[in-house]
$ cat data-v1.cif   # mmCIF, C-alpha atoms
data_coords
#
loop_
_atom_site.label_atom_id
_atom_site.label_comp_id
_atom_site.auth_asym_id
_atom_site.auth_seq_id
_atom_site.Cartn_x
_atom_site.Cartn_y
_atom_site.Cartn_z
CA MET A 1 -147.03 -48.92 158.05
CA THR A 2 -143.47 -47.77 158.10
CA THR A 3 -142.16 -44.60 156.57
CA ALA A 4 -139.00 -44.86 154.52
CA GLU A 5 -136.14 -42.93 156.02
CA PRO A 6 -134.15 -40.53 153.85
CA VAL A 7 -130.66 -41.44 152.78
CA ALA A 8 -129.95 -38.03 151.25
CA PHE A 9 -130.36 -34.75 153.08
CA GLY A 10 -130.67 -31.17 151.96
CA VAL A 11 -127.78 -28.78 152.42
CA ALA A 12 -128.58 -25.32 153.74
CA ALA A 13 -128.58 -22.51 151.20
CA ASP A 14 -126.45 -20.49 153.62
CA ALA A 15 -123.77 -23.18 153.63
CA ILE A 16 -123.73 -23.44 149.84
CA ALA A 17 -123.62 -19.67 149.46
CA ALA A 18 -120.67 -19.50 151.81
CA GLU A 19 -118.79 -22.09 149.76
CA ILE A 20 -119.54 -20.30 146.50
CA ASP A 21 -118.48 -16.96 147.98
CA ALA A 22 -115.25 -18.50 149.23
CA LEU A 23 -114.48 -19.66 145.70
CA GLY A 24 -114.81 -16.11 144.40
CA ILE A 25 -117.60 -16.95 141.99
CA THR A 26 -118.72 -13.77 140.24
CA HIS A 27 -121.74 -15.00 138.25
CA VAL A 28 -124.17 -17.92 138.58
CA ILE A 29 -125.83 -18.70 135.28
CA CYS A 30 -129.13 -20.34 136.06
CA VAL A 31 -131.86 -22.38 134.46
CA PRO A 32 -134.40 -23.07 137.20
CA ASP A 33 -134.27 -26.34 139.15
CA THR A 34 -136.67 -27.82 141.66
CA PHE A 35 -133.95 -29.15 144.01
CA GLN A 36 -132.10 -25.84 144.27
CA ARG A 37 -134.98 -23.49 144.92
CA THR A 38 -133.68 -22.10 148.20
CA ILE A 39 -130.20 -21.28 146.96
CA ILE A 40 -131.55 -19.80 143.73
CA ALA A 41 -133.92 -17.62 145.75
CA ARG A 42 -131.02 -16.49 147.91
CA TRP A 43 -128.96 -15.49 144.88
CA GLU A 44 -131.94 -13.83 143.27
CA ALA A 45 -132.46 -11.69 146.35
CA GLY A 46 -128.82 -10.64 146.53
CA THR A 47 -126.28 -8.99 144.28
CA THR A 48 -123.18 -11.20 144.68
CA PRO A 49 -122.63 -13.42 142.87
CA ARG A 50 -124.73 -11.99 140.06
CA LEU A 51 -127.52 -14.32 138.98
CA VAL A 52 -127.71 -14.52 135.17
CA LYS A 53 -130.99 -16.09 134.12
CA VAL A 54 -131.08 -17.85 130.75
CA CYS A 55 -133.70 -19.91 128.93
CA THR A 56 -131.76 -23.12 128.27
CA GLU A 57 -128.66 -24.95 129.44
CA ASP A 58 -127.12 -24.63 125.95
CA GLU A 59 -127.28 -20.89 126.39
CA GLY A 60 -125.80 -21.18 129.85
CA VAL A 61 -122.71 -22.97 128.58
CA GLY A 62 -122.14 -20.18 126.06
CA VAL A 63 -122.63 -17.39 128.59
CA ASN A 64 -120.30 -19.16 131.03
CA ALA A 65 -117.61 -19.28 128.33
CA GLY A 66 -118.03 -15.63 127.41
CA LEU A 67 -117.78 -14.55 131.03
CA TYR A 68 -114.70 -16.71 131.51
CA MET A 69 -112.93 -15.26 128.47
CA GLY A 70 -113.78 -11.81 129.75
CA GLY A 71 -111.96 -12.43 133.01
CA GLN A 72 -114.88 -13.34 135.27
CA ASN A 73 -115.24 -16.43 137.46
CA PRO A 74 -118.63 -17.95 136.59
CA MET A 75 -120.48 -21.19 137.28
CA MET A 76 -123.81 -22.73 136.30
CA CYS A 77 -126.84 -23.94 138.24
CA ILE A 78 -129.10 -26.36 136.32
CA GLN A 79 -130.88 -29.72 136.71
CA ASN A 80 -130.07 -33.22 135.51
CA ASN A 81 -132.29 -32.94 132.43
CA GLY A 82 -130.25 -29.89 131.43
CA ILE A 83 -127.15 -32.04 131.09
CA PHE A 84 -128.99 -34.27 128.64
CA ALA A 85 -130.29 -31.22 126.78
CA SER A 86 -126.91 -29.54 126.36
CA ILE A 87 -124.51 -32.33 125.47
CA ASN A 88 -123.51 -30.85 122.08
CA THR A 89 -122.64 -27.51 123.62
CA LEU A 90 -120.79 -29.16 126.50
CA LYS A 91 -118.86 -31.18 123.92
CA ALA A 92 -117.91 -28.18 121.79
CA ILE A 93 -117.31 -25.48 124.40
CA ALA A 94 -116.62 -27.04 127.79
CA LEU A 95 -114.64 -30.03 126.52
CA ASP A 96 -113.19 -29.22 123.08
CA ALA A 97 -112.68 -25.48 123.64
CA LYS A 98 -111.33 -26.11 127.14
CA VAL A 99 -113.54 -23.77 129.11
CA PRO A 100 -113.82 -24.31 132.88
CA THR A 101 -117.50 -25.09 133.35
CA LEU A 102 -118.56 -25.74 136.93
CA MET A 103 -122.14 -26.95 137.19
CA MET A 104 -124.39 -27.48 140.19
CA VAL A 105 -126.88 -30.05 138.93
CA GLY A 106 -130.06 -30.74 140.84
CA HIS A 107 -131.22 -34.36 140.80
CA PHE A 108 -134.80 -33.72 139.70
CA GLN A 109 -137.08 -36.73 140.46
CA ARG A 110 -134.56 -38.27 142.82
CA ASP A 111 -136.24 -40.27 145.60
CA VAL A 112 -134.27 -39.25 148.69
CA THR A 113 -135.20 -42.47 150.47
CA LYS A 114 -133.18 -44.56 148.03
CA PRO A 115 -129.54 -44.60 147.00
CA ILE A 116 -128.72 -43.32 143.52
CA GLU A 117 -128.20 -46.87 142.30
CA GLU A 118 -131.80 -47.82 143.13
CA GLN A 119 -133.56 -44.90 141.48
CA GLY A 120 -136.40 -45.60 139.07
CA SER A 121 -136.23 -42.29 137.27
CA ARG A 122 -134.17 -42.40 134.10
CA ALA A 123 -133.30 -38.73 134.60
CA VAL A 124 -131.62 -39.76 137.84
CA HIS A 125 -130.06 -43.10 137.11
CA MET A 126 -128.75 -42.13 133.67
CA LEU A 127 -126.99 -38.95 134.78
CA GLU A 128 -123.78 -40.48 136.10
CA PRO A 129 -123.42 -42.96 133.19
CA THR A 130 -123.86 -40.03 130.81
CA LEU A 131 -121.17 -38.02 132.57
CA ASP A 132 -118.92 -41.07 132.61
CA ALA A 133 -119.43 -41.55 128.88
CA TRP A 134 -118.19 -38.02 128.23
CA GLY A 135 -115.41 -38.14 130.78
CA ILE A 136 -116.95 -35.38 132.86
CA PRO A 137 -115.96 -35.62 136.54
CA TYR A 138 -118.67 -35.33 139.19
CA TRP A 139 -119.16 -35.18 142.92
CA ARG A 140 -122.25 -36.25 144.84
CA VAL A 141 -123.68 -34.01 147.51
CA GLU A 142 -125.88 -36.31 149.58
CA GLY A 143 -125.90 -34.14 152.68
CA PRO A 144 -124.04 -31.47 154.64
CA GLN A 145 -121.08 -33.80 155.10
CA ASP A 146 -120.32 -33.45 151.37
CA ILE A 147 -119.92 -29.68 151.36
CA GLY A 148 -116.28 -30.08 150.34
CA ALA A 149 -117.47 -31.21 146.92
CA PHE A 150 -117.92 -27.60 145.88
CA ARG A 151 -114.25 -26.70 146.23
CA ALA A 152 -113.10 -30.03 144.82
CA ALA A 153 -115.21 -29.66 141.70
CA TYR A 154 -114.29 -26.00 141.30
CA GLU A 155 -110.58 -26.74 141.50
CA ARG A 156 -110.91 -29.62 139.05
CA SER A 157 -112.74 -27.47 136.49
CA ARG A 158 -110.09 -24.78 136.70
CA ALA A 159 -107.15 -27.21 136.66
CA ASP A 160 -108.49 -29.28 133.77
CA LEU A 161 -109.98 -26.33 131.85
CA GLY A 162 -113.17 -28.31 131.44
CA PRO A 163 -116.49 -29.27 132.96
CA ALA A 164 -117.06 -30.52 136.50
CA VAL A 165 -120.41 -31.38 138.05
CA ILE A 166 -121.73 -31.16 141.60
CA ILE A 167 -124.79 -33.37 141.88
CA ILE A 168 -127.28 -31.99 144.38
CA GLY A 169 -128.97 -35.15 145.65
CA ALA A 170 -131.66 -33.64 147.86
CA PRO A 171 -133.55 -30.34 147.87
CA THR A 172 -131.55 -27.54 149.41
CA VAL A 173 -133.02 -26.06 152.56
CA MET B 1 -125.98 -7.78 99.67
CA GLU B 2 -123.27 -10.36 99.24
CA ARG B 3 -121.82 -11.93 102.38
CA GLN B 4 -118.36 -10.72 101.42
CA GLU B 5 -119.60 -7.15 101.12
CA ALA B 6 -121.09 -7.27 104.60
CA ILE B 7 -117.95 -8.84 106.03
CA ASP B 8 -115.73 -6.18 104.47
CA ILE B 9 -117.92 -3.34 105.74
CA LEU B 10 -118.06 -4.75 109.27
CA ALA B 11 -114.31 -5.40 109.27
CA GLU B 12 -113.67 -1.83 108.18
CA GLY B 13 -115.99 -0.45 110.84
CA ARG B 14 -115.18 -2.83 113.66
CA GLY B 15 -112.83 -0.65 115.64
CA ASP B 16 -111.77 -2.42 118.84
CA ALA B 17 -114.95 -4.43 119.26
CA ILE B 18 -114.74 -8.06 120.35
CA SER B 19 -116.08 -10.27 117.55
CA VAL B 20 -117.91 -13.61 117.63
CA PRO B 21 -118.54 -14.97 114.12
CA THR B 22 -120.13 -18.33 113.40
CA MET B 23 -120.63 -20.79 110.56
CA GLN B 24 -120.16 -19.36 107.07
CA SER B 25 -119.08 -15.94 108.30
CA VAL B 26 -116.02 -17.38 110.05
CA PHE B 27 -113.87 -18.07 106.99
CA PRO B 28 -114.34 -14.67 105.30
CA TRP B 29 -113.92 -12.93 108.67
CA HIS B 30 -110.51 -14.57 108.99
CA GLU B 31 -109.69 -13.80 105.36
CA ALA B 32 -110.49 -10.17 106.10
CA GLY B 33 -107.80 -10.23 108.79
CA GLN B 34 -110.20 -10.22 111.74
CA GLY B 35 -109.55 -13.66 113.20
CA ASP B 36 -106.53 -13.10 115.40
CA VAL B 37 -107.35 -10.08 117.51
CA LEU B 38 -110.20 -9.98 120.06
CA ASN B 39 -112.06 -12.72 118.26
CA VAL B 40 -113.51 -16.12 119.05
CA ASP B 41 -115.31 -18.28 116.50
CA ALA B 42 -118.40 -20.17 117.59
CA SER B 43 -117.15 -23.47 116.18
CA GLN B 44 -118.85 -26.86 116.38
CA CYS B 45 -121.56 -25.33 118.56
CA MET B 46 -124.08 -23.99 116.07
CA GLY B 47 -126.37 -21.56 117.86
CA SER B 48 -123.94 -20.49 120.57
CA ALA B 49 -122.58 -17.28 119.02
CA SER B 50 -125.27 -15.15 120.66
CA THR B 51 -124.62 -16.44 124.16
CA LEU B 52 -120.84 -16.32 123.83
CA GLY B 53 -121.38 -12.68 122.91
CA LEU B 54 -123.72 -12.17 125.85
CA GLY B 55 -121.16 -13.51 128.30
CA LEU B 56 -118.39 -11.38 126.82
CA ALA B 57 -120.59 -8.28 126.88
CA LEU B 58 -121.42 -8.82 130.55
CA ALA B 59 -117.80 -9.49 131.43
CA ARG B 60 -116.43 -6.47 129.59
CA PRO B 61 -118.94 -3.64 129.63
CA ASP B 62 -116.15 -1.28 128.57
CA ARG B 63 -115.99 -2.88 125.11
CA LYS B 64 -118.42 -3.33 122.28
CA VAL B 65 -119.18 -6.94 121.37
CA MET B 66 -120.31 -7.80 117.84
CA VAL B 67 -121.89 -11.17 117.10
CA LEU B 68 -121.86 -12.27 113.44
CA ASP B 69 -124.68 -14.77 113.68
CA GLY B 70 -126.49 -16.78 111.03
CA ASP B 71 -130.25 -17.03 110.75
CA GLY B 72 -130.15 -20.81 110.87
CA SER B 73 -127.76 -20.67 113.80
CA LEU B 74 -129.86 -18.27 115.81
CA LEU B 75 -132.94 -20.39 115.26
CA MET B 76 -131.12 -23.18 117.10
CA GLN B 77 -131.01 -21.07 120.26
CA LEU B 78 -133.87 -18.70 119.62
CA GLY B 79 -134.50 -18.32 123.34
CA SER B 80 -131.17 -16.52 123.56
CA LEU B 81 -132.98 -13.41 122.31
CA VAL B 82 -134.90 -13.40 125.58
CA SER B 83 -131.84 -14.33 127.64
CA ILE B 84 -129.98 -11.39 126.11
CA VAL B 85 -132.83 -9.06 126.99
CA GLU B 86 -132.89 -10.42 130.56
CA SER B 87 -129.38 -9.02 131.05
CA SER B 88 -129.66 -6.28 128.38
CA PRO B 89 -125.99 -5.47 127.88
CA PRO B 90 -125.82 -2.03 126.27
CA ASN B 91 -122.63 -3.01 124.44
CA LEU B 92 -124.00 -5.99 122.46
CA TYR B 93 -124.50 -5.67 118.68
CA HIS B 94 -126.09 -8.71 117.12
CA PHE B 95 -125.68 -8.91 113.35
CA VAL B 96 -127.73 -11.71 111.82
CA PHE B 97 -126.68 -12.81 108.35
CA GLY B 98 -130.03 -13.73 106.88
CA ASN B 99 -130.11 -15.78 103.72
CA GLY B 100 -132.99 -18.03 104.69
CA LEU B 101 -130.80 -21.08 104.27
CA ASN B 102 -128.81 -23.61 106.20
CA GLN B 103 -125.90 -22.85 103.93
CA SER B 104 -123.26 -24.99 105.63
CA THR B 105 -125.22 -28.18 105.06
CA GLY B 106 -126.12 -27.50 101.46
CA ASN B 107 -128.42 -24.50 101.26
CA GLN B 108 -131.52 -26.20 102.60
CA PRO B 109 -134.27 -23.60 103.22
CA LEU B 110 -134.95 -22.72 106.84
CA PRO B 111 -138.30 -23.63 108.37
CA ALA B 112 -140.97 -21.01 107.77
CA GLN B 113 -138.65 -19.08 105.51
CA GLY B 114 -140.35 -15.95 104.29
CA VAL B 115 -142.83 -16.00 107.14
CA PHE B 116 -140.89 -15.30 110.33
CA ASP B 117 -139.43 -11.85 110.82
CA TRP B 118 -136.16 -11.25 112.70
CA VAL B 119 -136.79 -7.59 113.35
CA ALA B 120 -140.22 -8.33 114.79
CA LEU B 121 -138.85 -11.21 116.87
CA ALA B 122 -136.07 -9.07 118.33
CA LYS B 123 -138.41 -6.21 119.13
CA ALA B 124 -140.96 -8.58 120.66
CA ALA B 125 -138.21 -10.11 122.79
CA GLY B 126 -137.29 -6.66 124.06
CA TYR B 127 -134.15 -5.65 122.15
CA LYS B 128 -133.58 -1.92 122.44
CA HIS B 129 -133.29 -1.58 118.68
CA ALA B 130 -133.80 -3.85 115.67
CA MET B 131 -133.50 -3.13 111.98
CA ARG B 132 -133.11 -4.78 108.60
CA ILE B 133 -130.51 -3.70 106.06
CA ALA B 134 -130.62 -5.06 102.52
CA GLN B 135 -128.04 -3.06 100.60
CA ALA B 136 -124.32 -2.74 101.18
CA GLU B 137 -124.38 1.02 100.73
CA ASP B 138 -127.02 1.30 103.43
CA LEU B 139 -124.88 -0.71 105.83
CA ILE B 140 -121.94 1.60 105.13
CA GLU B 141 -124.10 4.62 105.78
CA GLN B 142 -125.86 3.31 108.89
CA LEU B 143 -123.04 1.51 110.69
CA PRO B 144 -121.64 4.56 112.53
CA ALA B 145 -125.09 5.34 113.87
CA ILE B 146 -125.61 1.71 114.86
CA TRP B 147 -122.46 1.78 117.01
CA ALA B 148 -123.88 4.83 118.79
CA LEU B 149 -127.07 3.01 119.78
CA GLU B 150 -127.55 1.52 123.22
CA GLY B 151 -127.76 -2.25 123.01
CA PRO B 152 -128.82 -4.85 122.73
CA VAL B 153 -129.25 -4.13 119.04
CA LEU B 154 -130.17 -6.68 116.35
CA ILE B 155 -129.32 -5.91 112.74
CA GLU B 156 -130.62 -8.34 110.15
CA LEU B 157 -128.49 -8.26 107.02
CA GLU B 158 -130.20 -9.57 103.90
CA ILE B 159 -127.58 -11.83 102.38
CA ALA B 160 -127.72 -13.29 98.88
CA ARG B 161 -127.66 -17.04 98.33
CA GLU B 162 -124.17 -18.42 97.73
CA GLU B 163 -123.25 -21.62 95.93
CA GLY B 164 -120.28 -23.88 96.45
CA PRO B 165 -119.00 -25.96 99.33
CA ALA B 166 -118.94 -24.72 102.90
CA ARG B 167 -115.69 -23.08 103.94
CA TRP B 168 -114.12 -23.32 107.40
CA ALA B 169 -111.27 -21.44 109.00
CA GLY B 170 -110.15 -24.50 110.91
CA VAL B 171 -108.71 -22.68 113.92
CA PRO B 172 -109.28 -24.72 117.09
CA MET B 173 -111.67 -22.93 119.41
CA ALA B 174 -109.55 -23.86 122.42
CA LYS B 175 -106.65 -21.86 121.01
CA GLN B 176 -108.93 -18.88 120.41
CA VAL B 177 -110.45 -19.07 123.90
CA ALA B 178 -107.02 -18.94 125.50
CA SER B 179 -105.87 -16.16 123.19
CA LEU B 180 -108.94 -13.97 123.67
CA LYS B 181 -108.82 -14.42 127.44
CA ALA B 182 -105.18 -13.35 127.48
CA GLN B 183 -105.80 -10.40 125.16
CA LEU B 184 -108.68 -9.16 127.29
CA ALA B 185 -106.71 -9.59 130.50
CA ALA B 186 -103.99 -7.39 129.03
CA SER B 187 -106.32 -4.67 127.82
#
$ encode --input "data-v1.cif" --output "structure tokens"
Amino acid sequence: MTTAEPVAFGVAADAIAAEIDALGITHVICVPDTFQRTIIARWEAGTTPRLVKVCTEDEGVGVNAGLYMGGQNPMMCIQNNGIFASINTLKAIALDAKVPTLMMVGHFQRDVTKPIEEQGSRAVHMLEPTLDAWGIPYWRVEGPQDIGAFRAAYERSRADLGPAVIIIGAPTV
Amino acid sequence: MERQEAIDILAEGRGDAISVPTMQSVFPWHEAGQGDVLNVDASQCMGSASTLGLGLALARPDRKVMVLDGDGSLLMQLGSLVSIVESSPPNLYHFVFGNGLNQSTGNQPLPAQGVFDWVALAKAAGYKHAMRIAQAEDLIEQLPAIWALEGPVLIELEIAREEGPARWAGVPMAKQVASLKAQLAAS
């Protein structure tokens, strides 16, 4: 019997935290996600950026907008199902109202031994087509080599005054 | 009380609070001259007024934030009561215009109308204070004391049924977002 080898690898919470700190993020608005447990735990244990826990992704989009209007530099941390759950709010606030909305999105149910294109889970294989349908740019993080995605997505969200998604393809470590 | 009465009283007593109206409170709020300064309408995102207010309250603890919510709107993001309590901004004042109707879509009754209780829900969620005000004169009398309370505070306003088509201010939210951000940066 052979064991399938992973094609996606977890990024260290320390490395992600360093990227987020370098971007000057003040608040991370969070709905819990299985793939981002280690980075969420790190933020929960610290004070900067401030972790703002909310019940749903819809709420997160609103809080992100309020913080932005108030002069803060927020982002969100959610999972793929949260994108599907919050499309109306993303449409109205992030897209139509032109609010920079940077989202780390964990790929819940992603099989790390298979490329995205071969995933059986609808939550996984429908995420990118959904983002494409709404014109929301995204970056895959499939391992430590993709750490630059954080700055690229951040800069895009601020330049476009809109949403940008960082897809976390394997559980953070 | 009539919606217009509540709007006029809140406009008179607003001071320099940031305002976040939604749905059928937006048009009269603008007509009362409150739409251009320190204001953002929760437009095309029914249910989001409470969380826009939460974010603003966290960002600017030096200012009061007043949310002019609707009962039907708040039901769409009912969990925001708990999210607000999680952060418990002391400067958040959550006015809920309660008429028991989805007025914008034709006055359809809300689910469980007459059964659920906003004051009880807010208190159970952990709001610092929650109260119901039915008469305009009581709102006039109590508003100064409400502003002195530590938030989050929920104030349910009993609003009479209105007839006629829905009214909209029609100001693009993107324009308001940019304007409010600039106003707050300068203040």
$ resolve_selection --input "data-v1.cif" --expression "the PyMOL selection byres ((chain A) within 7 of (chain B))" --output "VMD selection string"
chain A and resid 53 to 55 59 62 to 67 69 to 72 88 to 89 92 96 to 98
$ write_last_selection --input "data-v1.cif" --atoms "C-alpha atoms" --output "short mmCIF file (atom, residue, chain, number, x, y, z; two decimals), in the coordinates of the input"
data_model
loop_
_atom_site.label_atom_id
_atom_site.label_comp_id
_atom_site.auth_asym_id
_atom_site.auth_seq_id
_atom_site.Cartn_x
_atom_site.Cartn_y
_atom_site.Cartn_z
CA LYS A 53 -130.99 -16.09 134.12
CA VAL A 54 -131.08 -17.85 130.75
CA CYS A 55 -133.70 -19.91 128.93
CA GLU A 59 -127.28 -20.89 126.39
CA GLY A 62 -122.14 -20.18 126.06
CA VAL A 63 -122.63 -17.39 128.59
CA ASN A 64 -120.30 -19.16 131.03
CA ALA A 65 -117.61 -19.28 128.33
CA GLY A 66 -118.03 -15.63 127.41
CA LEU A 67 -117.78 -14.55 131.03
CA MET A 69 -112.93 -15.26 128.47
CA GLY A 70 -113.78 -11.81 129.75
CA GLY A 71 -111.96 -12.43 133.01
CA GLN A 72 -114.88 -13.34 135.27
CA ASN A 88 -123.51 -30.85 122.08
CA THR A 89 -122.64 -27.51 123.62
CA ALA A 92 -117.91 -28.18 121.79
CA ASP A 96 -113.19 -29.22 123.08
CA ALA A 97 -112.68 -25.48 123.64
CA LYS A 98 -111.33 -26.11 127.14
#
$ residues_around --input "data-v1.cif" --residues "Cys30 (chain A)" --least-positions-apart "2" --cutoff "8 Å" --atoms "all atoms listed in the file" --output "JSON, numbers by chain"
{"A": [28, 32, 51, 52, 53, 54, 60, 76, 77, 78]}
$ residues_around --input "data-v1.cif" --residues "Gly135 (chain A)" --least-positions-apart "6" --cutoff "10 Å" --atoms "all atoms listed in the file" --output "PDB file with C-alpha atoms, in the coordinates of the input"
ATOM      1  CA  LEU A  95    -114.640 -30.030 126.520  1.00  0.00           C
ATOM      2  CA  PRO A 129    -123.420 -42.960 133.190  1.00  0.00           C
ATOM      3  CA  PRO A 163    -116.490 -29.270 132.960  1.00  0.00           C
ATOM      4  CA  ALA A 164    -117.060 -30.520 136.500  1.00  0.00           C
TER       5      ALA A 164
END
$ resolve_selection --input "data-v1.cif" --expression "the PyMOL selection byres ((chain B and resi 1-6) around 7)" --output "JSON, numbers by chain"
{"B": [7, 8, 9, 10, 28, 134, 135, 136, 158, 159, 160]}
$ axis_aligned_box --input "data-v1.cif" --around "region 149-152 of chain A" --padding-each-side "6 Å" --output "AutoDock Vina command-line options"
--center_x -115.5 --center_y -29.0 --center_z 145.9 --size_x 16.8 --size_y 16.5 --size_z 14.1
$ residues_around --input "data-v1.cif" --residues "Pro144 (chain B)" --least-positions-apart "4" --cutoff "10 Å" --atoms "all atoms listed in the file" --output "list in words"
Gly13, Arg14, Leu139, Ile140, Ala148 and Leu149 of chain B
$ resolve_selection --input "data-v1.cif" --expression "the PyMOL selection byres ((chain A and resi 35) around 8)" --output "MDAnalysis selection string"
chainID A and resid 33:34 36:37 79 106:108 168:172
$ atom_distance --input "data-v1.cif" --atom1 "CA of Ala169 (chain B)" --atom2 "CA of Glu31 (chain B)"
8.6 Å
$ atom_distance --input "data-v1.cif" --atom1 "CA of Arg63 (chain B)" --atom2 "CA of Ala17 (chain B)"
6.1 Å
$ residues_near_point --input "data-v1.cif" --point "(-112.1, -6.3, 115.4)" --cutoff "9 Å" --atoms "all atoms listed in the file" --output "VMD selection string"
chain B and resid 10 to 19 33 to 39 66
$ closest_residue --input "data-v1.cif" --among "A:Ala45, A:Leu127, A:Ile87, A:Val165" --to "Ala152 (chain A)" --atoms "only C-alpha atoms"
A:Val165
